[in-house]
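To start, the structure under review is shown below, and the notes come after it.
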Amino acid sequence: MKKKKNISILLVLVLSIVISIAHLSISVDARKSQGKSSRAHKHQNQRGGNNNKKIPPAPDHFPSYIPAPAPYNDGSYEPHSSIFDVLSFGAKGDGVTDDSKAFLAAWKAACMVPRATLEIPSEFRFLIRPITLQGPCMPHLVLQIDGTVLAPPKLSAWPKSNLFQWINFKWVHDFTIQGTGTVDGQGSAWWNLSQVHNNQALRFYGSCNVTVRDIAIINSPQCHLKFDDSSIVKVNNITISSPENSPNTDGIHLQNTKDVEIQHSVIGCGDDCVSIQTGCSNVHVHHINCGPGHGISLGGLGKDNSLACVFNVTVENTTVQNALSGVRIKTWQGGLGSVKSISFSNIQVSNVKIPIMIDQYYCDKKYCKNQTRAVAISGIKYNQISGTYSVQPIHLACSDSVPCTDVDLIDIQLAPLPESRTFRPALCWKSYGESQAPLVPSSVDCLQRGGSLFKSLTR
């Protein structure tokens, strides 16, 4: 009996040990499974598996010869606000303190957020040294300028390595500058320099789908607004202003840029209100009030025997007053290339020295060497050009070896200013095309006929 009791106790102990071991094994397996699940969940979060996805920060530097990719954001990252006020990044806005670092920090933050607005608030004046604001950025970025942005007024404040642009926008896409504020280049110190630095206040390089509207740009060291190697550009309702005697202060300068619309703006400066240079096409300029200045110009093209091509440009519904020229095309001797499919229509001029000009002998110094080669000019239409001039109604000075062809003069009505005593008759030299009345004064009817025949014979 005692033996059976001992065996029973032994069986109970063995069974208890087996149950404990099984329970321990199940617990360990459960903890392992839980650990694997936790690690997998964490990995999924890092790869974008839930609503708390993380995005990698944008690198601080990219090689200058390769456009940086847009910061990664698949749309799940939502910042607390899409407004980036430069004051929140340390800007003082007192017009004296250098706010460049704050401006750049605000730009980098806004660049990473879709539909962000970088805000320059009203009633503040921000001193900004030469700076490059680089993209690409997330879509629909807006620079809202309601305050005043100031360039350094002293030349010594400009780094010697950056005398060519003040605020440089590089590789920006789907970007807008707008607002009620002013961009002030404070450029008077530059205007007395003998050396031309070709400095731009606002410059866009390698950019696409850019809009500039409503702001004022004043007193640039030289060119106020430049687009270089860009496309799909819209400029609307801006004001550009600098003194008449401020040299080389072009209003809007286009180079290697296509698909452009410039409209409903007031431009007064010391050079061309709009300057269209080589590599430009599909440009529409309309409803512009230009003056003082040098009018609206194509060129100078072909400098230093270079190749220059401009085509499909329309300038219409525009007024030009107190200017050197109204609408003009200027090319250097010795150049190559062509200017074609250009239309100037419904242009009203007032106190303009020469309202209509083609100059294939352009020279900006005392002497330029005579050369036979020239940029070819064809398919130029002047329609409904009217108003007053002080020197000459039309000056078409085309190349002896490469004459202008297919030039149309339609409804030209120009009168000399009553107080002008030095006006000259119209000039058409080596200019072939057709005229259509009314043509006033009578000397305007000066085109040589048979331009199409001449062109076919010289091909």
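Residue names in the structure tokens use chain letters A, B, ... in the order shown, residue numbers from 1 in each chain, and ligand numbers from 1 in the order shown.
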Go through stretch 268-295 of chain A residue by residue and, counting only C-alpha atoms, keep those with an atom at most 9 Å from stretch 237-256 of chain A; for each kept residue give the shortest atom pair and its distance in Å to one decimal, ordered by chain and increasing number, as CSV.
residue,atom,partner,partner_atom,distance
A:Gly268,CA,A:Ser241,CA,4.9
A:Cys269,CA,A:Ser242,CA,4.6
A:Gly270,CA,A:Glu244,CA,4.3
A:Asp271,CA,A:Asp250,CA,4.8
A:Asp272,CA,A:Asp250,CA,4.9
A:Cys273,CA,A:Gly251,CA,4.6
A:Val274,CA,A:Ile252,CA,4.8
A:Ser275,CA,A:His253,CA,4.7
A:Ile276,CA,A:Leu254,CA,5.0
A:Gln277,CA,A:Gln255,CA,4.9
A:Thr278,CA,A:Gln255,CA,5.8
A:Gly279,CA,A:Asn256,CA,3.9
A:Cys280,CA,A:Asn256,CA,5.0
A:Ser281,CA,A:Asn256,CA,8.2
A:Gly291,CA,A:Glu244,CA,8.4
A:Pro292,CA,A:Glu244,CA,5.7
A:Gly293,CA,A:Glu244,CA,6.2
A:His294,CA,A:Asp250,CA,8.8
Residues from the last selection, N, CA, C and O atoms, saved as a short mmCIF file (atom, residue, chain, number, x, y, z; two decimals), in the first residue's frame:
data_model
loop_
_atom_site.label_atom_id
_atom_site.label_comp_id
_atom_site.auth_asym_id
_atom_site.auth_seq_id
_atom_site.Cartn_x
_atom_site.Cartn_y
_atom_site.Cartn_z
N GLY A 268 9.56 101.37 -66.54
CA GLY A 268 10.34 102.57 -66.85
C GLY A 268 11.75 102.37 -66.33
O GLY A 268 11.95 102.00 -65.16
N CYS A 269 12.76 102.60 -67.18
CA CYS A 269 14.13 102.28 -66.79
C CYS A 269 15.11 103.06 -67.66
O CYS A 269 14.72 103.93 -68.43
N GLY A 270 16.39 102.71 -67.56
CA GLY A 270 17.42 103.39 -68.33
C GLY A 270 17.88 102.62 -69.55
O GLY A 270 18.85 103.02 -70.21
N ASP A 271 17.20 101.53 -69.88
CA ASP A 271 17.56 100.74 -71.05
C ASP A 271 16.27 100.14 -71.63
O ASP A 271 15.21 100.75 -71.51
N ASP A 272 16.35 98.96 -72.26
CA ASP A 272 15.17 98.37 -72.88
C ASP A 272 14.13 98.01 -71.82
O ASP A 272 14.45 97.37 -70.81
N CYS A 273 12.87 98.36 -72.08
CA CYS A 273 11.80 97.91 -71.19
C CYS A 273 11.70 96.40 -71.22
O CYS A 273 11.58 95.75 -70.18
N VAL A 274 11.73 95.84 -72.42
CA VAL A 274 11.79 94.38 -72.59
C VAL A 274 12.90 94.10 -73.60
O VAL A 274 12.90 94.66 -74.69
N SER A 275 13.81 93.23 -73.24
CA SER A 275 14.94 92.86 -74.10
C SER A 275 14.84 91.37 -74.40
O SER A 275 14.84 90.55 -73.49
N ILE A 276 14.76 91.04 -75.70
CA ILE A 276 14.60 89.65 -76.12
C ILE A 276 15.87 89.25 -76.86
O ILE A 276 16.17 89.79 -77.93
N GLN A 277 16.59 88.30 -76.29
CA GLN A 277 17.90 87.94 -76.81
C GLN A 277 17.87 86.58 -77.51
O GLN A 277 16.82 85.97 -77.70
N THR A 278 19.05 86.12 -77.87
CA THR A 278 19.16 84.88 -78.64
C THR A 278 18.54 83.68 -77.92
O THR A 278 18.51 83.61 -76.69
N GLY A 279 18.03 82.75 -78.72
CA GLY A 279 17.46 81.53 -78.17
C GLY A 279 16.04 81.66 -77.67
O GLY A 279 15.53 80.74 -77.03
N CYS A 280 15.38 82.79 -77.98
CA CYS A 280 14.01 82.99 -77.50
C CYS A 280 12.99 82.70 -78.60
O CYS A 280 13.22 83.01 -79.77
N SER A 281 11.87 82.13 -78.21
CA SER A 281 10.80 81.84 -79.17
C SER A 281 9.47 81.80 -78.43
O SER A 281 9.41 81.60 -77.21
N GLY A 291 8.30 103.24 -70.62
CA GLY A 291 8.93 104.55 -70.68
C GLY A 291 9.05 105.17 -69.29
O GLY A 291 8.19 104.96 -68.43
N PRO A 292 10.19 105.88 -69.09
CA PRO A 292 11.28 106.10 -70.05
C PRO A 292 12.06 104.82 -70.29
O PRO A 292 11.89 103.83 -69.59
N GLY A 293 12.94 104.88 -71.29
CA GLY A 293 13.77 103.73 -71.61
C GLY A 293 14.14 103.70 -73.07
O GLY A 293 14.09 104.73 -73.75
N HIS A 294 14.46 102.53 -73.56
CA HIS A 294 14.87 102.35 -74.95
C HIS A 294 13.84 101.57 -75.75
O HIS A 294 14.15 101.07 -76.83
#
| Polymer residues at most 6 Å from stretch 373-381 of chain A, only C-alpha atoms, same-chain spacing of 6 or more positions, as a ChimeraX atom specification | /A:333-343,404-408
For the residues in the current selection, export C-alpha atoms as an mmCIF file, in the first residue's frame.
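Writing the result to out17.cif gives the following:
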data_model
loop_
_atom_site.group_PDB
_atom_site.id
_atom_site.type_symbol
_atom_site.label_atom_id
_atom_site.label_comp_id
_atom_site.auth_asym_id
_atom_site.auth_seq_id
_atom_site.Cartn_x
_atom_site.Cartn_y
_atom_site.Cartn_z
ATOM 1 C CA GLN A 333 27.830 92.915 -87.973
ATOM 2 C CA GLY A 334 29.461 89.521 -88.451
ATOM 3 C CA GLY A 335 26.815 87.494 -86.672
ATOM 4 C CA LEU A 336 25.035 84.358 -87.886
ATOM 5 C CA GLY A 337 21.510 83.031 -87.522
ATOM 6 C CA SER A 338 18.069 84.480 -88.122
ATOM 7 C CA VAL A 339 15.242 86.620 -86.792
ATOM 8 C CA LYS A 340 11.868 85.708 -88.277
ATOM 9 C CA SER A 341 8.116 85.714 -87.684
ATOM 10 C CA ILE A 342 8.042 88.908 -85.639
ATOM 11 C CA SER A 343 4.900 91.046 -85.267
ATOM 12 C CA CYS A 404 15.851 92.360 -94.657
ATOM 13 C CA THR A 405 13.042 90.549 -96.482
ATOM 14 C CA ASP A 406 9.272 90.147 -96.144
ATOM 15 C CA VAL A 407 8.896 93.350 -94.139
ATOM 16 C CA ASP A 408 5.323 94.683 -93.942
#
| request: Pull the strand (DSSP E or B) assignments for stretch 117-287 of chain A out of DSSP run on the backbone, and list those residues as a PyMOL selection string. | output: chain A and resi 117-120+125-127+131-134+141-145+148-150+165-170+173-178+182-184+200-205+208-213+216-218+223-228+231-236+239-241+252-255+258-268+274-276+280-287
Could the residues in this selection be written to a file with C-alpha atoms, as an mmCIF file, in the first residue's frame?
data_model
loop_
_atom_site.group_PDB
_atom_site.id
_atom_site.type_symbol
_atom_site.label_atom_id
_atom_site.label_comp_id
_atom_site.auth_asym_id
_atom_site.auth_seq_id
_atom_site.Cartn_x
_atom_site.Cartn_y
_atom_site.Cartn_z
ATOM 1 C CA THR A 117 4.170 79.900 -48.927
ATOM 2 C CA LEU A 118 7.372 81.675 -47.941
ATOM 3 C CA GLU A 119 6.150 84.955 -46.527
ATOM 4 C CA ILE A 120 7.886 88.343 -46.522
ATOM 5 C CA ARG A 125 12.400 95.792 -44.548
ATOM 6 C CA PHE A 126 14.713 92.829 -45.085
ATOM 7 C CA LEU A 127 18.346 93.331 -46.088
ATOM 8 C CA ILE A 131 21.854 84.609 -52.483
ATOM 9 C CA THR A 132 20.898 81.539 -54.532
ATOM 10 C CA LEU A 133 17.539 79.900 -53.850
ATOM 11 C CA GLN A 134 17.799 76.461 -55.369
ATOM 12 C CA LEU A 141 5.664 76.973 -53.947
ATOM 13 C CA VAL A 142 4.821 80.668 -53.501
ATOM 14 C CA LEU A 143 7.120 83.505 -52.466
ATOM 15 C CA GLN A 144 4.737 86.100 -51.030
ATOM 16 C CA ILE A 145 6.452 89.496 -50.942
ATOM 17 C CA THR A 148 10.398 95.305 -48.793
ATOM 18 C CA VAL A 149 13.475 93.321 -49.803
ATOM 19 C CA LEU A 150 16.675 95.384 -49.961
ATOM 20 C CA GLN A 165 23.124 88.529 -59.638
ATOM 21 C CA TRP A 166 21.468 89.465 -56.403
ATOM 22 C CA ILE A 167 18.651 86.944 -55.870
ATOM 23 C CA ASN A 168 19.188 83.934 -58.105
ATOM 24 C CA PHE A 169 16.432 81.319 -58.488
ATOM 25 C CA LYS A 170 17.933 78.118 -59.829
ATOM 26 C CA HIS A 173 9.548 74.535 -61.227
ATOM 27 C CA ASP A 174 5.895 75.401 -60.656
ATOM 28 C CA PHE A 175 6.826 78.515 -58.679
ATOM 29 C CA THR A 176 5.175 81.897 -58.125
ATOM 30 C CA ILE A 177 6.377 85.248 -56.834
ATOM 31 C CA GLN A 178 3.518 87.540 -55.883
ATOM 32 C CA THR A 182 8.837 95.904 -53.302
ATOM 33 C CA VAL A 183 12.177 94.461 -54.349
ATOM 34 C CA ASP A 184 14.643 97.361 -54.100
ATOM 35 C CA GLN A 200 20.563 91.249 -62.296
ATOM 36 C CA ALA A 201 18.249 91.908 -59.369
ATOM 37 C CA LEU A 202 16.049 88.833 -59.814
ATOM 38 C CA ARG A 203 17.326 86.066 -62.054
ATOM 39 C CA PHE A 204 15.761 82.739 -62.987
ATOM 40 C CA TYR A 205 18.002 80.044 -64.418
ATOM 41 C CA CYS A 208 9.976 76.087 -65.759
ATOM 42 C CA ASN A 209 6.396 77.171 -65.151
ATOM 43 C CA VAL A 210 7.272 80.375 -63.321
ATOM 44 C CA THR A 211 4.916 83.268 -62.568
ATOM 45 C CA VAL A 212 5.875 86.741 -61.338
ATOM 46 C CA ARG A 213 2.953 89.041 -60.582
ATOM 47 C CA ALA A 216 7.371 96.167 -57.762
ATOM 48 C CA ILE A 217 11.060 95.893 -58.677
ATOM 49 C CA ILE A 218 12.964 99.167 -58.445
ATOM 50 C CA CYS A 223 18.815 94.342 -65.232
ATOM 51 C CA HIS A 224 15.712 94.143 -63.024
ATOM 52 C CA LEU A 225 14.251 90.751 -63.972
ATOM 53 C CA LYS A 226 16.008 88.121 -66.076
ATOM 54 C CA PHE A 227 14.949 84.705 -67.350
ATOM 55 C CA ASP A 228 17.749 82.518 -68.685
ATOM 56 C CA SER A 231 10.351 78.015 -70.253
ATOM 57 C CA ILE A 232 6.665 78.647 -69.568
ATOM 58 C CA VAL A 233 7.092 82.064 -68.013
ATOM 59 C CA LYS A 234 4.294 84.456 -67.064
ATOM 60 C CA VAL A 235 4.800 88.052 -65.931
ATOM 61 C CA ASN A 236 1.661 89.956 -65.030
ATOM 62 C CA THR A 239 5.928 97.590 -61.889
ATOM 63 C CA ILE A 240 9.581 98.128 -62.787
ATOM 64 C CA SER A 241 11.146 101.507 -62.135
ATOM 65 C CA ILE A 252 12.786 92.364 -68.336
ATOM 66 C CA HIS A 253 15.543 90.425 -70.098
ATOM 67 C CA LEU A 254 14.926 87.113 -71.868
ATOM 68 C CA GLN A 255 17.670 84.787 -73.061
ATOM 69 C CA LYS A 258 10.616 80.112 -74.701
ATOM 70 C CA ASP A 259 6.852 80.187 -74.177
ATOM 71 C CA VAL A 260 6.692 83.564 -72.450
ATOM 72 C CA GLU A 261 3.826 85.949 -71.760
ATOM 73 C CA ILE A 262 4.488 89.453 -70.397
ATOM 74 C CA GLN A 263 1.357 91.510 -69.859
ATOM 75 C CA HIS A 264 -0.374 94.407 -68.103
ATOM 76 C CA SER A 265 2.781 95.886 -66.590
ATOM 77 C CA VAL A 266 4.390 99.310 -66.222
ATOM 78 C CA ILE A 267 8.114 99.491 -67.005
ATOM 79 C CA GLY A 268 10.338 102.565 -66.855
ATOM 80 C CA VAL A 274 11.793 94.383 -72.592
ATOM 81 C CA SER A 275 14.939 92.859 -74.100
ATOM 82 C CA ILE A 276 14.603 89.651 -76.124
ATOM 83 C CA CYS A 280 14.009 82.991 -77.495
ATOM 84 C CA SER A 281 10.801 81.842 -79.165
ATOM 85 C CA ASN A 282 7.042 81.968 -78.651
ATOM 86 C CA VAL A 283 7.105 85.276 -76.789
ATOM 87 C CA HIS A 284 3.942 87.352 -76.361
ATOM 88 C CA VAL A 285 4.248 90.887 -74.973
ATOM 89 C CA HIS A 286 1.061 92.895 -74.627
ATOM 90 C CA HIS A 287 -0.593 95.724 -72.694
#
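Minimum atom-to-atom distances from A:Gln371, A:Ser390, A:Ser399, A:Ser435 to A:Asn322 were compared using only C-alpha atoms, and the lowest value belongs to A:Ser390.
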| query | Which residues come within 10 Å of A:Leu104, counting only C-alpha atoms, excluding same-chain residues fewer than 2 positions away, as number ranges by chain? | reply | A: 86, 89, 99-102, 106-110, 128, 131-134
Write the residues of the selection above to a file with C-alpha atoms, as a PDB file, in the first residue's frame.
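Output file part34.pdb is given in full below:
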ATOM      1  CA  VAL A  86      10.929  84.679 -42.433  1.00  0.00           C
ATOM      2  CA  PHE A  89      13.427  81.888 -38.844  1.00  0.00           C
ATOM      3  CA  ASP A  99      18.603  88.610 -42.932  1.00  0.00           C
ATOM      4  CA  SER A 100      20.136  86.381 -45.630  1.00  0.00           C
ATOM      5  CA  LYS A 101      20.550  83.290 -43.417  1.00  0.00           C
ATOM      6  CA  ALA A 102      16.975  83.499 -42.170  1.00  0.00           C
ATOM      7  CA  ALA A 106      12.895  79.650 -44.603  1.00  0.00           C
ATOM      8  CA  TRP A 107      13.372  78.770 -48.278  1.00  0.00           C
ATOM      9  CA  LYS A 108      14.824  75.330 -47.485  1.00  0.00           C
ATOM     10  CA  ALA A 109      11.951  74.565 -45.113  1.00  0.00           C
ATOM     11  CA  ALA A 110       9.228  75.742 -47.500  1.00  0.00           C
ATOM     12  CA  ILE A 128      19.457  90.375 -48.214  1.00  0.00           C
ATOM     13  CA  ILE A 131      21.854  84.609 -52.483  1.00  0.00           C
ATOM     14  CA  THR A 132      20.898  81.539 -54.532  1.00  0.00           C
ATOM     15  CA  LEU A 133      17.539  79.900 -53.850  1.00  0.00           C
ATOM     16  CA  GLN A 134      17.799  76.461 -55.369  1.00  0.00           C
TER      17      GLN A 134
END
| note | Pairwise distance, atom CA of A:Pro221 with atom CA of A:Pro159, equals 14.6 Å
What parts of stretch 97-325 of chain A does DSSP call helix (DSSP H, G or I)? I'd like the answer as an mmCIF file with N, CA and C atoms, in the first residue's frame.
data_model
loop_
_atom_site.group_PDB
_atom_site.id
_atom_site.type_symbol
_atom_site.label_atom_id
_atom_site.label_comp_id
_atom_site.auth_asym_id
_atom_site.auth_seq_id
_atom_site.Cartn_x
_atom_site.Cartn_y
_atom_site.Cartn_z
ATOM 1 N N SER A 100 19.929 87.381 -44.578
ATOM 2 C CA SER A 100 20.136 86.381 -45.630
ATOM 3 C C SER A 100 20.000 84.960 -45.109
ATOM 4 N N LYS A 101 20.593 84.653 -43.953
ATOM 5 C CA LYS A 101 20.550 83.290 -43.417
ATOM 6 C C LYS A 101 19.126 82.887 -43.070
ATOM 7 N N ALA A 102 18.369 83.801 -42.503
ATOM 8 C CA ALA A 102 16.975 83.499 -42.170
ATOM 9 C C ALA A 102 16.161 83.252 -43.435
ATOM 10 N N PHE A 103 16.416 84.057 -44.450
ATOM 11 C CA PHE A 103 15.713 83.907 -45.724
ATOM 12 C C PHE A 103 16.012 82.535 -46.329
ATOM 13 N N LEU A 104 17.288 82.147 -46.318
ATOM 14 C CA LEU A 104 17.683 80.861 -46.888
ATOM 15 C C LEU A 104 17.110 79.695 -46.084
ATOM 16 N N ALA A 105 17.089 79.813 -44.761
ATOM 17 C CA ALA A 105 16.533 78.753 -43.926
ATOM 18 C C ALA A 105 15.035 78.594 -44.175
ATOM 19 N N ALA A 106 14.328 79.704 -44.313
ATOM 20 C CA ALA A 106 12.895 79.650 -44.603
ATOM 21 C C ALA A 106 12.647 79.021 -45.965
ATOM 22 N N TRP A 107 13.498 79.353 -46.937
ATOM 23 C CA TRP A 107 13.372 78.770 -48.278
ATOM 24 C C TRP A 107 13.542 77.248 -48.220
ATOM 25 N N LYS A 108 14.561 76.770 -47.545
ATOM 26 C CA LYS A 108 14.824 75.330 -47.485
ATOM 27 C C LYS A 108 13.667 74.592 -46.818
ATOM 28 N N ALA A 109 13.078 75.204 -45.786
ATOM 29 C CA ALA A 109 11.951 74.565 -45.113
ATOM 30 C C ALA A 109 10.715 74.544 -46.002
ATOM 31 N N ALA A 110 10.410 75.661 -46.637
ATOM 32 C CA ALA A 110 9.228 75.742 -47.500
ATOM 33 C C ALA A 110 9.376 74.860 -48.730
ATOM 34 N N CYS A 111 10.597 74.721 -49.204
ATOM 35 C CA CYS A 111 10.865 73.943 -50.417
ATOM 36 C C CYS A 111 10.423 72.491 -50.276
ATOM 37 N N LEU A 155 28.904 98.823 -52.637
ATOM 38 C CA LEU A 155 29.569 97.812 -53.450
ATOM 39 C C LEU A 155 30.455 96.899 -52.615
ATOM 40 N N SER A 156 31.026 97.424 -51.544
ATOM 41 C CA SER A 156 31.922 96.628 -50.708
ATOM 42 C C SER A 156 31.190 95.486 -50.013
ATOM 43 N N ALA A 157 29.874 95.585 -49.912
ATOM 44 C CA ALA A 157 29.092 94.531 -49.265
ATOM 45 C C ALA A 157 28.823 93.357 -50.193
ATOM 46 N N SER A 188 22.087 102.633 -57.099
ATOM 47 C CA SER A 188 22.681 103.892 -57.567
ATOM 48 C C SER A 188 24.203 103.865 -57.556
ATOM 49 N N ALA A 189 24.806 103.124 -56.627
ATOM 50 C CA ALA A 189 26.274 103.061 -56.566
ATOM 51 C C ALA A 189 26.854 102.379 -57.802
ATOM 52 N N TRP A 190 26.055 101.554 -58.485
ATOM 53 C CA TRP A 190 26.532 100.838 -59.665
ATOM 54 C C TRP A 190 26.465 101.694 -60.921
ATOM 55 N N LYS A 303 26.643 89.239 -81.485
ATOM 56 C CA LYS A 303 27.878 89.890 -81.037
ATOM 57 C C LYS A 303 29.057 88.918 -81.101
ATOM 58 N N ASP A 304 30.212 89.448 -81.461
ATOM 59 C CA ASP A 304 31.448 88.651 -81.551
ATOM 60 C C ASP A 304 31.282 87.455 -82.490
ATOM 61 N N ASN A 305 30.603 87.693 -83.619
ATOM 62 C CA ASN A 305 30.412 86.677 -84.661
ATOM 63 C C ASN A 305 29.656 85.440 -84.163
#
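For the pair atom CA of A:Ile394 and atom CA of A:Leu409, the interatomic distance is 10.2 Å.
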